[in-house]
Structures are given as structure tokens and as C-alpha cells.
$ cat data_23.cif   # mmCIF, C-alpha atoms
data_work
loop_
_atom_site.label_atom_id
_atom_site.label_comp_id
_atom_site.auth_asym_id
_atom_site.auth_seq_id
_atom_site.Cartn_x
_atom_site.Cartn_y
_atom_site.Cartn_z
CA MET A 1 -10.75 -6.91 8.26
CA ASN A 2 -14.02 -6.78 6.36
CA ALA A 3 -15.25 -10.38 6.06
CA ARG A 4 -17.03 -9.70 2.78
CA ASN A 5 -13.70 -9.03 1.05
CA TYR A 6 -12.72 -12.65 1.67
CA SER A 7 -16.00 -14.26 0.66
CA ASP A 8 -16.76 -16.68 -2.17
CA GLN A 9 -19.88 -14.62 -2.75
CA LEU A 10 -17.81 -11.57 -3.70
CA ALA A 11 -15.63 -13.70 -5.99
CA LYS A 12 -18.73 -15.03 -7.64
CA GLU A 13 -20.34 -11.61 -8.06
CA MET A 14 -17.14 -10.32 -9.64
CA ASN A 15 -16.82 -13.48 -11.76
CA LEU A 16 -13.21 -13.86 -10.71
CA GLU A 17 -12.42 -17.45 -11.51
CA GLU A 18 -11.72 -16.71 -15.15
CA TYR A 19 -9.83 -13.50 -14.31
CA LEU A 20 -7.57 -15.24 -11.81
CA THR A 21 -6.95 -18.17 -14.13
CA GLU A 22 -5.67 -15.82 -16.81
CA GLN A 23 -3.62 -13.82 -14.31
CA TRP A 24 -1.89 -16.86 -12.81
CA ARG A 25 -1.47 -18.65 -16.15
CA LEU A 26 0.51 -15.69 -17.51
CA PHE A 27 1.98 -14.35 -14.27
CA GLU A 28 5.69 -14.64 -15.09
CA GLN A 29 5.14 -12.61 -18.26
CA VAL A 30 3.73 -9.59 -16.47
CA TYR A 31 6.98 -7.59 -16.58
CA ILE A 32 7.84 -8.64 -20.14
CA ARG A 33 4.60 -7.83 -21.93
CA LYS A 34 4.13 -4.45 -23.48
CA ILE A 35 1.33 -2.47 -21.87
CA MET A 36 0.31 0.60 -23.88
CA GLY A 37 3.65 0.37 -25.66
CA PHE A 38 5.73 -0.03 -22.49
CA SER A 39 7.08 -3.11 -20.77
CA SER A 40 8.85 -3.06 -17.40
CA ILE A 41 12.20 -3.78 -19.08
CA GLY A 42 14.57 -1.02 -17.95
CA LEU A 43 11.73 0.48 -15.89
CA GLY A 44 14.12 2.67 -13.91
CA TYR A 45 15.32 4.39 -17.09
CA LYS A 46 11.80 4.86 -18.37
CA LEU A 47 10.56 6.40 -15.10
CA LYS A 48 13.41 8.93 -15.24
CA MET A 49 12.40 10.23 -18.66
CA PRO A 50 10.96 13.75 -18.56
CA ILE A 51 7.13 13.91 -18.83
CA ILE A 52 6.81 10.35 -20.16
CA GLY A 53 8.27 9.07 -16.89
CA ARG A 54 5.63 10.88 -14.89
CA LEU A 55 2.81 9.71 -17.12
CA LEU A 56 4.13 6.17 -16.91
CA ARG A 57 4.24 6.30 -13.12
CA ARG A 58 0.69 7.60 -13.00
CA SER A 59 -0.66 4.95 -15.34
CA ALA A 60 1.22 2.19 -13.47
CA GLU A 61 -0.29 3.31 -10.16
CA GLY A 62 -3.67 3.41 -11.88
CA MET A 63 -3.33 -0.18 -13.06
CA ILE A 64 -2.05 -1.44 -9.70
CA HIS A 65 -5.04 0.06 -7.88
CA SER A 66 -7.60 -0.30 -10.66
CA GLU A 67 -11.20 -1.01 -9.71
CA SER A 68 -12.44 -0.40 -13.24
CA LYS A 69 -14.64 -2.88 -15.08
CA ASN A 70 -12.17 -3.22 -17.95
CA ARG A 71 -9.17 -4.20 -15.93
CA LYS A 72 -6.91 -6.77 -17.53
CA ALA A 73 -5.88 -10.00 -15.87
CA PHE A 74 -2.69 -10.49 -17.92
CA ARG A 75 -1.22 -7.33 -16.41
CA ALA A 76 -2.49 -8.17 -12.90
CA ASP A 77 -4.58 -5.00 -12.56
CA GLY A 78 -5.90 -4.33 -9.07
CA HIS A 79 -3.29 -6.57 -7.45
CA PHE A 80 -1.62 -4.93 -4.46
CA GLY A 81 -0.95 -5.83 -0.87
CA GLN A 82 0.11 -4.80 2.59
CA VAL A 83 2.71 -6.02 5.04
CA ILE A 84 1.17 -7.53 8.17
CA PRO A 85 2.66 -8.82 11.40
CA LEU A 86 2.29 -12.51 12.19
CA GLU A 87 -0.51 -11.93 14.71
CA ASP A 88 -2.78 -10.25 12.16
CA ALA A 89 -1.97 -12.85 9.51
CA LYS A 90 -3.05 -15.55 11.95
CA VAL A 91 -6.37 -13.81 12.53
CA ILE A 92 -6.98 -13.94 8.78
CA LEU A 93 -5.96 -17.57 8.37
CA GLY A 94 -7.78 -18.58 11.54
CA GLY A 95 -11.17 -17.27 10.47
CA LEU A 96 -11.54 -14.79 7.64
CA ALA A 97 -9.81 -16.71 4.86
CA ALA A 98 -12.26 -18.68 2.69
CA GLU A 99 -11.61 -22.39 2.27
CA PRO A 100 -9.94 -24.25 0.69
CA ILE A 101 -6.56 -22.99 1.88
CA ILE A 102 -3.52 -24.10 -0.11
CA GLU A 103 0.23 -23.58 0.08
CA ASN A 104 1.91 -23.46 -3.31
CA TYR A 105 5.28 -22.59 -4.81
CA CYS A 106 6.09 -18.90 -4.65
CA MET A 107 5.82 -17.41 -8.13
CA CYS A 108 8.22 -14.55 -7.43
CA ARG A 109 11.12 -16.67 -6.19
CA TRP A 110 10.57 -18.92 -9.19
CA MET A 111 10.82 -16.17 -11.78
CA GLN A 112 13.52 -14.14 -10.01
CA ARG A 113 15.73 -16.91 -8.62
CA GLY A 114 14.62 -20.10 -10.34
CA MET A 115 13.80 -21.54 -6.92
CA LYS A 116 10.74 -23.49 -5.93
CA GLU A 117 9.71 -22.84 -2.38
CA ALA A 118 6.30 -23.68 -1.01
CA CYS A 119 5.49 -20.66 1.13
CA CYS A 120 2.66 -18.87 -0.65
CA ILE A 121 -0.65 -19.36 1.14
CA ASN A 122 -3.68 -18.78 -1.05
CA PHE A 123 -7.33 -19.22 -0.29
CA GLY A 124 -10.87 -19.11 -1.61
CA VAL A 125 -11.54 -19.19 -5.34
CA LEU A 126 -7.83 -18.70 -6.10
CA SER A 127 -6.95 -22.09 -4.60
CA GLY A 128 -8.92 -23.93 -7.26
CA VAL A 129 -7.30 -21.82 -9.96
CA ILE A 130 -3.74 -22.54 -8.82
CA GLU A 131 -4.44 -26.24 -8.40
CA LYS A 132 -4.80 -26.47 -12.21
CA LEU A 133 -1.30 -25.07 -12.84
CA PRO A 134 1.34 -27.81 -12.36
CA ARG A 135 4.34 -25.49 -11.92
CA PHE A 136 2.97 -24.13 -8.65
CA ILE A 137 2.10 -27.48 -7.04
CA PRO A 138 4.60 -28.42 -4.32
CA GLU A 139 6.27 -31.82 -4.60
CA ASN A 140 7.31 -32.46 -1.00
CA THR A 141 4.79 -30.59 1.07
CA LYS A 142 1.04 -30.68 1.45
CA LEU A 143 -0.98 -28.60 -0.98
CA ARG A 144 -4.24 -28.27 0.93
CA LEU A 145 -3.95 -27.14 4.52
CA ASP A 146 -6.43 -26.73 7.33
CA ARG A 147 -6.45 -23.48 9.29
CA GLU A 148 -4.13 -24.75 12.01
CA GLU A 149 -1.58 -26.06 9.51
CA ALA A 150 -1.68 -22.82 7.54
CA MET A 151 -0.99 -20.80 10.68
CA GLU A 152 1.88 -23.10 11.64
CA ARG A 153 3.47 -22.90 8.19
CA LEU A 154 3.16 -19.12 8.13
CA GLU A 155 4.81 -18.84 11.53
CA GLU A 156 7.63 -21.09 10.31
CA HIS A 157 8.26 -18.81 7.32
CA ASN A 158 7.96 -15.69 9.46
CA ARG A 159 10.53 -16.92 11.97
CA LYS A 160 12.84 -17.84 9.12
CA GLY A 161 12.82 -14.19 8.06
CA TYR A 162 10.07 -13.94 5.46
CA VAL A 163 7.76 -10.94 5.61
CA ALA A 164 4.03 -11.73 5.77
CA THR A 165 1.95 -9.80 3.25
CA VAL A 166 -1.76 -9.92 2.46
CA TRP A 167 -2.99 -9.34 -1.09
CA PHE A 168 -5.95 -8.02 -3.03
CA GLN A 169 -6.29 -10.01 -6.20
CA PRO A 170 -8.02 -8.05 -7.61
CA VAL A 171 -9.21 -5.34 -5.22
CA PRO A 172 -11.42 -5.67 -3.13
CA TYR A 173 -11.17 -9.49 -3.08
CA ILE A 174 -8.50 -10.79 -0.66
CA ASN A 175 -7.11 -14.26 -1.31
CA ALA A 176 -3.42 -14.59 -0.44
CA ILE A 177 -0.92 -14.33 2.38
CA CYS A 178 2.62 -14.47 1.06
CA SER A 179 5.95 -14.80 2.81
CA CYS A 180 8.09 -12.32 0.93
CA GLU A 181 11.68 -11.28 0.55
CA ASN A 182 13.14 -8.08 -0.77
CA PRO A 183 14.08 -7.81 -3.68
CA GLU A 184 12.70 -11.16 -4.98
CA CYS A 185 9.06 -10.27 -4.34
CA GLY A 186 7.53 -8.66 -7.42
CA GLY A 187 5.57 -6.26 -5.23
CA LEU A 188 8.41 -5.26 -2.91
CA ARG A 189 10.64 -4.79 -5.97
CA LEU A 190 8.32 -2.18 -7.47
CA ARG A 191 7.85 -0.49 -4.11
CA GLN A 192 11.46 -0.46 -2.93
CA SER A 193 13.30 0.13 -6.20
CA TYR A 194 10.77 2.26 -8.05
CA GLY A 195 8.48 3.78 -5.42
CA LEU A 196 5.29 2.26 -6.87
CA HIS A 197 2.65 1.40 -4.29
CA THR A 198 2.30 -2.32 -4.90
CA VAL A 199 2.87 -3.09 -1.22
CA TYR A 200 1.82 -0.83 1.63
CA LYS A 201 3.50 -0.68 5.01
CA ALA A 202 1.77 -2.31 7.99
CA GLU A 203 -0.43 -0.53 10.51
CA TYR A 204 2.47 -0.64 12.97
CA VAL A 205 6.09 0.42 13.39
CA VAL A 206 8.67 -1.12 15.66
CA GLU A 207 10.13 0.64 18.68
CA VAL A 208 13.36 -0.19 20.52
CA ASP A 209 13.37 -0.04 24.31
CA PRO A 210 16.80 1.47 25.05
CA ASP A 211 16.87 0.06 28.59
CA ARG A 212 16.14 -3.47 27.51
CA CYS A 213 18.29 -3.69 24.37
CA GLN A 214 21.57 -5.46 25.16
CA GLY A 215 23.17 -4.68 21.81
CA CYS A 216 23.38 -8.27 20.57
CA ARG A 217 22.61 -7.13 16.98
CA SER A 218 20.56 -10.26 16.16
CA CYS A 219 17.53 -8.24 15.07
CA ILE A 220 19.48 -6.31 12.46
CA SER A 221 20.08 -9.34 10.25
CA LEU A 222 16.33 -10.05 10.04
CA CYS A 223 15.28 -6.65 8.72
CA GLN A 224 14.55 -6.76 4.99
CA PHE A 225 14.14 -3.00 4.80
CA GLY A 226 17.34 -1.65 6.34
CA ALA A 227 15.36 0.01 9.13
CA LEU A 228 17.46 -1.31 12.01
CA ARG A 229 21.11 -0.64 12.72
CA PHE A 230 23.57 -0.99 15.55
CA ILE A 231 25.10 2.12 17.07
CA PRO A 232 28.47 1.27 18.64
CA SER A 233 28.71 4.36 20.88
CA LEU A 234 25.35 3.60 22.50
CA GLY A 235 25.87 -0.13 22.33
CA ARG A 236 22.32 -0.77 21.16
CA ALA A 237 20.08 -1.12 18.13
CA LEU A 238 18.09 1.76 16.79
CA VAL A 239 15.28 1.92 14.31
CA ASP A 240 14.61 4.29 11.43
CA GLN A 241 10.83 4.34 11.60
CA SER A 242 10.57 6.00 8.19
CA LYS A 243 11.98 2.79 6.70
CA CYS A 244 10.16 0.34 8.98
CA PHE A 245 7.40 -1.63 7.21
CA GLY A 246 6.01 -2.97 10.49
CA CYS A 247 6.44 -6.65 9.62
CA GLY A 248 7.59 -7.46 13.15
CA LEU A 249 10.22 -10.01 12.09
CA CYS A 250 12.92 -8.39 14.25
CA ARG A 251 11.00 -9.42 17.37
CA HIS A 252 11.70 -13.08 16.62
CA ALA A 253 15.42 -12.45 17.13
CA CYS A 254 15.20 -10.44 20.35
CA LYS A 255 15.85 -12.40 23.54
CA HIS A 256 15.38 -9.39 25.79
CA ASP A 257 11.91 -8.29 24.79
CA ALA A 258 13.32 -4.94 23.68
CA LEU A 259 11.31 -4.57 20.48
CA ALA A 260 7.63 -3.68 20.47
CA MET A 261 5.10 -2.88 17.78
CA VAL A 262 3.30 0.43 18.16
CA PRO A 263 0.41 1.62 16.00
CA ARG A 264 1.76 3.63 13.07
CA GLU A 265 -0.87 6.31 13.69
CA GLN A 266 0.57 7.03 17.15
CA VAL A 267 4.01 7.89 15.84
CA ALA A 268 4.15 11.48 14.62
CA THR A 269 6.66 10.89 11.80
CA SER A 270 5.13 7.63 10.55
CA LYS A 271 1.49 8.62 10.80
CA GLY A 272 -0.21 8.41 7.42
CA HIS A 273 2.93 7.06 5.73
CA TYR A 274 2.03 3.73 4.26
CA MET B 275 23.42 8.67 -18.59
CA VAL B 276 25.14 5.44 -19.59
CA ARG B 277 22.64 2.63 -19.85
CA ASN B 278 23.41 -0.95 -19.05
CA THR B 279 22.88 -3.28 -21.96
CA ILE B 280 22.60 -6.92 -21.01
CA THR B 281 22.06 -9.45 -23.77
CA ILE B 282 21.35 -13.14 -23.62
CA ASP B 283 22.12 -15.38 -26.57
CA TYR B 284 18.94 -17.43 -26.87
CA THR B 285 20.61 -19.88 -29.24
CA LYS B 286 22.68 -20.99 -26.23
CA CYS B 287 20.19 -20.63 -23.36
CA GLY B 288 16.42 -20.56 -23.64
CA GLU B 289 13.70 -22.35 -25.57
CA ASP B 290 15.99 -23.20 -28.51
CA GLY B 291 19.30 -23.42 -26.68
CA LYS B 292 21.13 -26.31 -25.11
CA VAL B 293 20.32 -25.13 -21.61
CA ASP B 294 16.87 -24.94 -20.08
CA PRO B 295 17.02 -21.99 -17.66
CA ARG B 296 14.60 -23.81 -15.34
CA LYS B 297 17.26 -26.45 -14.76
CA CYS B 298 20.29 -24.13 -14.63
CA GLY B 299 19.32 -20.73 -13.20
CA ARG B 300 22.84 -19.95 -11.95
CA CYS B 301 22.72 -16.35 -13.18
CA LEU B 302 19.41 -15.78 -11.39
CA ARG B 303 20.94 -16.73 -8.06
CA VAL B 304 24.31 -14.93 -8.26
CA CYS B 305 22.74 -11.56 -8.97
CA ASP B 306 22.43 -9.54 -5.76
CA PRO B 307 19.90 -7.02 -7.12
CA ALA B 308 18.02 -9.84 -8.94
CA ILE B 309 17.74 -8.03 -12.25
CA LEU B 310 17.16 -11.13 -14.39
CA LEU B 311 13.76 -12.71 -14.80
CA MET B 312 12.74 -16.15 -15.99
CA HIS B 313 9.46 -16.45 -17.86
CA GLU B 314 7.56 -18.46 -20.45
CA THR B 315 8.53 -17.44 -23.96
CA ILE B 316 5.73 -15.26 -25.29
CA GLY B 317 4.01 -16.73 -28.32
CA ARG B 318 5.56 -20.18 -27.98
CA GLU B 319 3.33 -21.88 -25.41
CA GLN B 320 1.71 -25.15 -26.41
CA ASP B 321 -0.08 -25.97 -23.20
CA PRO B 322 -1.01 -22.63 -21.62
CA HIS B 323 -1.51 -24.28 -18.24
CA ASN B 324 1.86 -26.00 -18.30
CA PRO B 325 4.28 -24.01 -20.48
CA SER B 326 7.49 -25.75 -21.52
CA TYR B 327 9.40 -22.97 -23.30
CA TRP B 328 11.25 -20.71 -20.91
CA ARG B 329 13.87 -18.01 -21.25
CA ILE B 330 15.59 -15.35 -19.17
CA THR B 331 15.18 -11.64 -19.83
CA PRO B 332 17.18 -8.89 -18.10
CA VAL B 333 14.35 -6.74 -16.76
CA TRP B 334 15.56 -4.41 -14.00
CA THR B 335 18.63 -3.36 -16.00
CA ASP B 336 18.94 0.04 -14.37
CA LEU B 337 19.82 -1.71 -11.11
CA CYS B 338 22.73 -3.66 -12.64
CA THR B 339 26.07 -2.91 -10.93
CA ARG B 340 28.11 -4.54 -13.72
CA CYS B 341 29.72 -6.96 -11.29
CA MET B 342 29.82 -9.54 -14.12
CA LYS B 343 28.91 -12.41 -11.82
CA CYS B 344 26.19 -13.57 -14.22
CA VAL B 345 28.65 -13.57 -17.12
CA GLU B 346 31.13 -15.65 -15.10
CA SER B 347 28.51 -18.05 -13.78
CA CYS B 348 26.97 -18.94 -17.17
CA PRO B 349 28.17 -22.36 -18.32
CA GLU B 350 27.37 -21.55 -21.95
CA GLY B 351 28.81 -18.03 -22.06
CA ALA B 352 25.42 -16.78 -23.18
CA ILE B 353 25.34 -13.50 -21.25
CA SER B 354 27.10 -10.26 -22.12
CA VAL B 355 26.99 -6.98 -20.24
CA SER B 356 28.05 -3.64 -21.65
#
$ encode --input "data_23.cif" --output "C-alpha cells"
Amino acid sequence: MNARNYSDQLAKEMNLEEYLTEQWRLFEQVYIRKIMGFSSIGLGYKLKMPIIGRLLRRSAEGMIHSESKNRKAFRADGHFGQVIPLEDAKVILGGLAAEPIIENYCMCRWMQRGMKEACCINFGVLSGVIEKLPRFIPENTKLRLDREEAMERLEEHNRKGYVATVWFQPVPYINAICSCENPECGGLRLRQSYGLHTVYKAEYVVEVDPDRCQGCRSCISLCQFGALRFIPSLGRALVDQSKCFGCGLCRHACKHDALAMVPREQVATSKGHY
Amino acid sequence: MVRNTITIDYTKCGEDGKVDPRKCGRCLRVCDPAILLMHETIGREQDPHNPSYWRITPVWTDLCTRCMKCVESCPEGAISVS
């Protein structure tokens, strides 16, 4: 929650307008282009190759987290994010996020499903960049939002079952809060299917109160990560905290106040596992 | 290890085919693991800010379950899985 990471000043110092324009202009090609001789086509097979697979994994992690001066926009170097619960996302949109705030078509759903859904909230210098790219401009919803509207839209998406994520683009500049799905999200895809750290888990995990849970199973359908299940013998839901990303979506479904977020660091088995 | 090979006939679907994947996109939506990806055709863009040539590439092929739903859903019969 460092305000400087959201500031126009940082974007200016890093000269990011050009970088972000190139990144967003070519975004759908990121998995197709060859990078040092490798594209992401058949990534699972490539990562399983002896030696080469390990080198590939290391260089991919390096690119994802790159803070180097020669990072490349066309491969989205330094672009990674973290899952956040709605409350934290609202704190960002309510104050930290630099204006203007826009809501544009999600790039991931477009390239993975051919669907245009306005649910990607971007801010700061990135807003101006995206406004120049017609394929991301929503037709039936407002492009520019004020802080209140942005918070309302995000809550709408969150309640619908989309996971809120906040993104470096590129690190340490923060300029997006997405509403993601697994496996459509490019970041969650690399994390969940290939174990690359494009998206980190939130600072929380969910806990089920066994006395309050009535076993209605509503929460289970909202979990994108398979962390919740229903146990018939106990007649209640239980959570696998090693799978929980801490997005907090399940709470929207619970009518009995049986689900609570606890800090990840307080749970012995989840501590340090992001 | 048997690898999945998924091929798309770009003379039927894509920048030179009858079907524009941006308008169809059936295969993208029937695939549970979402292994297909739609993108601008590399090297064919005229307006880099508003590309008009698009095609589909099978990217996450190792996750393909060979359910053949994409093959069945394609109106042009452009996809083959082996």
C-alpha cells in the first residue's frame, strides 16, 4: 500500500507511457511470440523437458518479475499481480489509484473466449494508453469512472464471482484491478496450470466456522480454486487452506456468517505461502 | 509421452478464411480448459492500434483432453485434433 507505486510521478520517471502502449498494443500476441527461441505454445510439454524445462521456468520467472532496465514491453516483462479481497481493492480505488480511472474490456476473456466484457479497471497513465486502442473500449458501459463508480462496479463483479486482482505493470508501478476467472485469466492460467508466479495469493485465507455453517453448499460454487468442498458426514463445508487464494468471494454466498478471512501469516500451514 | 497435435486450417478460419474468429469464436467457448487463443496475426497488421487480421492458435495444447468439442463446434470444419 505504498502510495508512490501508484503515482504519475513514478510512471513519468520510468517513462512508462511508451512501454505500456507497446505492451497493450501487442498484448494478445504475448503467448504466440517466440522469446529466446521459445513461445508458450505447448508450454506444459516444454516445461517437462529435462534441463531445458528448468532453465525455461527460471527465465520465465525472471521475465515475469523483471526490474531490469532492458525489459521488453512486447513480452509484458515485470507484469504480475496479487489476489485481493474486495475490501482492500476498495481502499485502492477509493484513494491510492491515480486518476483517470477507466473500465475497459477484459483482454484475457477476449483472447481466450472471444468475449467482450467490461470489467477491467485500470488507472493512472495506463488509462490514457488503453483509450487509444479501440478493441478495449466498451460499447454499452461508461469508460471513465469516478472513484465511487469504480468501487460499485468492482463490487458487482466480485459478487458475480470474479476474483479481484491488483497488478504491477511493470513492477513497481501499480495501475490495474482486474476481475478474473480461472482459467481464462492469463495470469491465473500460468499460475494454476504451470506453477509460474504471475499471480500471488492474498494476504488472507478463509476459515469456516463449524458451528455456524449450515451446510447449504452455496459457497462451494463460487470458489475458483477448488479450495472449498462439502463433507456429507459432517454436513458442512470445509476449506483446504493450501488451495485458498484469499479472494473472499465465498463470503458473498454465505447467509450464516460462517466464513471469515484470517491473515495468512497467522495460519501455520499457509504462512509464507503466496 | 503422446503429444496432442491440434491444427487449424487458416484457409477456412482466420485472416484469409471465410470466417473471422472474432465473429464466430465457438471453439473458444466450448473448450473447458480454454486451450485455444485468439490473437492478431503476427506480421499482418496494418493499423497497429486497431488490428483487423485475427486467427486462433492452440496454445495450451498439453491441457487438451481430446473431447473433440472444438472439432464438432466449428462450422467450417477447420480444426483437427490428433
$ resolve_selection --input "data_23.cif" --expression "the PyMOL selection byres ((chain A and resi 38) around 12)" --output "NGL selection string"
:A and (30-37 or 39-43 or 45-47 or 52-53 or 55-57 or 59-60 or 75)
$ residues_around --input "data_23.cif" --residues "His256 of chain A" --least-positions-apart "4" --cutoff "10 Å" --atoms "only C-alpha atoms" --output "list in words"
Asp209, Asp211, Arg212, Cys213, Gln214, Gly215, Cys216 and Arg251 of chain A
$ resolve_selection --input "data_23.cif" --expression "the PyMOL selection byres ((chain B and resi 327-333) around 6)" --output "PDB file with C-alpha atoms, keeping the file's coordinate frame"
ATOM      1  CA  ILE A  41      12.200  -3.780 -19.080  1.00  0.00           C
ATOM      2  CA  GLY A  42      14.570  -1.020 -17.950  1.00  0.00           C
TER       3      GLY A  42
ATOM      4  CA  GLY B 288      16.420 -20.560 -23.640  1.00  0.00           C
ATOM      5  CA  GLU B 289      13.700 -22.350 -25.570  1.00  0.00           C
ATOM      6  CA  ILE B 309      17.740  -8.030 -12.250  1.00  0.00           C
ATOM      7  CA  LEU B 310      17.160 -11.130 -14.390  1.00  0.00           C
ATOM      8  CA  LEU B 311      13.760 -12.710 -14.800  1.00  0.00           C
ATOM      9  CA  MET B 312      12.740 -16.150 -15.990  1.00  0.00           C
ATOM     10  CA  HIS B 313       9.460 -16.450 -17.860  1.00  0.00           C
ATOM     11  CA  GLU B 314       7.560 -18.460 -20.450  1.00  0.00           C
ATOM     12  CA  THR B 315       8.530 -17.440 -23.960  1.00  0.00           C
ATOM     13  CA  PRO B 325       4.280 -24.010 -20.480  1.00  0.00           C
ATOM     14  CA  SER B 326       7.490 -25.750 -21.520  1.00  0.00           C
ATOM     15  CA  TRP B 334      15.560  -4.410 -14.000  1.00  0.00           C
ATOM     16  CA  THR B 335      18.630  -3.360 -16.000  1.00  0.00           C
TER      17      THR B 335
END
$ resolve_selection --input "data_23.cif" --expression "the PyMOL selection byres ((chain B and resi 346-355) around 7)" --output "PyMOL selection string"
chain B and resi 279-283+286-287+300-301+342-345+356
$ atom_distance --input "data_23.cif" --atom1 "atom CA of Trp167 of chain A" --atom2 "atom CA of Glu87 of chain A"
16.2 Å
$ interface_residues --input "data_23.cif" --of "chain A" --to "chain B" --cutoff "9 Å" --atoms "only C-alpha atoms" --output "PyMOL selection string"
chain A and resi 25-29+31-33+40-45+110-115+132-135+183-184+193
$ residues_near_point --input "data_23.cif" --point "(-16.7, -10.7, 0.1)" --cutoff "12 Å" --atoms "only C-alpha atoms" --output "list in words"
Met1, Asn2, Ala3, Arg4, Asn5, Tyr6, Ser7, Asp8, Gln9, Leu10, Ala11, Lys12, Glu13, Met14, Leu16, Leu96, Ala97, Ala98, Gly124, Val125, Phe168, Pro170, Val171, Pro172, Tyr173, Ile174 and Asn175 of chain A
$ residues_around --input "data_23.cif" --residues "Thr165 of chain A" --least-positions-apart "2" --cutoff "6 Å" --atoms "all atoms listed in the file" --output "MDAnalysis selection string"
chainID A and resid 82:84 177:178
$ closest_residue --input "data_23.cif" --among "A:Phe245, A:Tyr105, A:Tyr204, A:Phe136" --to "Leu188 of chain A" --atoms "all atoms listed in the file"
A:Phe245
$ atom_distance --input "data_23.cif" --atom1 "atom CA of Gly195 of chain A" --atom2 "atom CA of Lys243 of chain A"
12.7 Å
$ closest_residue --input "data_23.cif" --among "A:His273, A:Arg71, A:His65, A:His79" --to "Gln169 of chain A" --atoms "only C-alpha atoms"
A:His79
$ decode --input "data_23.cif" --residues "segment 49-76 of chain A" --atoms "C-alpha atoms" --output "mmCIF file, in the first residue's frame"
data_model
loop_
_atom_site.group_PDB
_atom_site.id
_atom_site.type_symbol
_atom_site.label_atom_id
_atom_site.label_comp_id
_atom_site.auth_asym_id
_atom_site.auth_seq_id
_atom_site.Cartn_x
_atom_site.Cartn_y
_atom_site.Cartn_z
ATOM 1 C CA MET A 49 11.754 -31.380 -20.764
ATOM 2 C CA PRO A 50 14.847 -32.315 -18.769
ATOM 3 C CA ILE A 51 17.233 -29.391 -18.060
ATOM 4 C CA ILE A 52 15.698 -27.142 -20.735
ATOM 5 C CA GLY A 53 12.415 -27.215 -18.826
ATOM 6 C CA ARG A 54 14.109 -25.988 -15.678
ATOM 7 C CA LEU A 55 16.013 -23.270 -17.497
ATOM 8 C CA LEU A 56 12.805 -22.194 -19.209
ATOM 9 C CA ARG A 57 10.965 -21.970 -15.903
ATOM 10 C CA ARG A 58 13.759 -19.906 -14.404
ATOM 11 C CA SER A 59 13.905 -17.488 -17.313
ATOM 12 C CA ALA A 60 10.092 -17.153 -17.378
ATOM 13 C CA GLU A 61 10.041 -16.282 -13.666
ATOM 14 C CA GLY A 62 12.858 -13.822 -14.344
ATOM 15 C CA MET A 63 10.857 -12.072 -17.052
ATOM 16 C CA ILE A 64 7.641 -12.001 -15.012
ATOM 17 C CA HIS A 65 9.415 -10.327 -12.090
ATOM 18 C CA SER A 66 11.985 -8.361 -14.067
ATOM 19 C CA GLU A 67 13.055 -4.974 -12.755
ATOM 20 C CA SER A 68 15.900 -4.702 -15.237
ATOM 21 C CA LYS A 69 16.385 -1.658 -17.449
ATOM 22 C CA ASN A 70 16.196 -3.719 -20.643
ATOM 23 C CA ARG A 71 12.869 -5.314 -20.021
ATOM 24 C CA LYS A 72 10.686 -5.754 -23.078
ATOM 25 C CA ALA A 73 7.137 -4.481 -23.330
ATOM 26 C CA PHE A 74 6.042 -6.939 -26.039
ATOM 27 C CA ARG A 75 6.577 -9.847 -23.649
ATOM 28 C CA ALA A 76 4.990 -7.980 -20.705
#
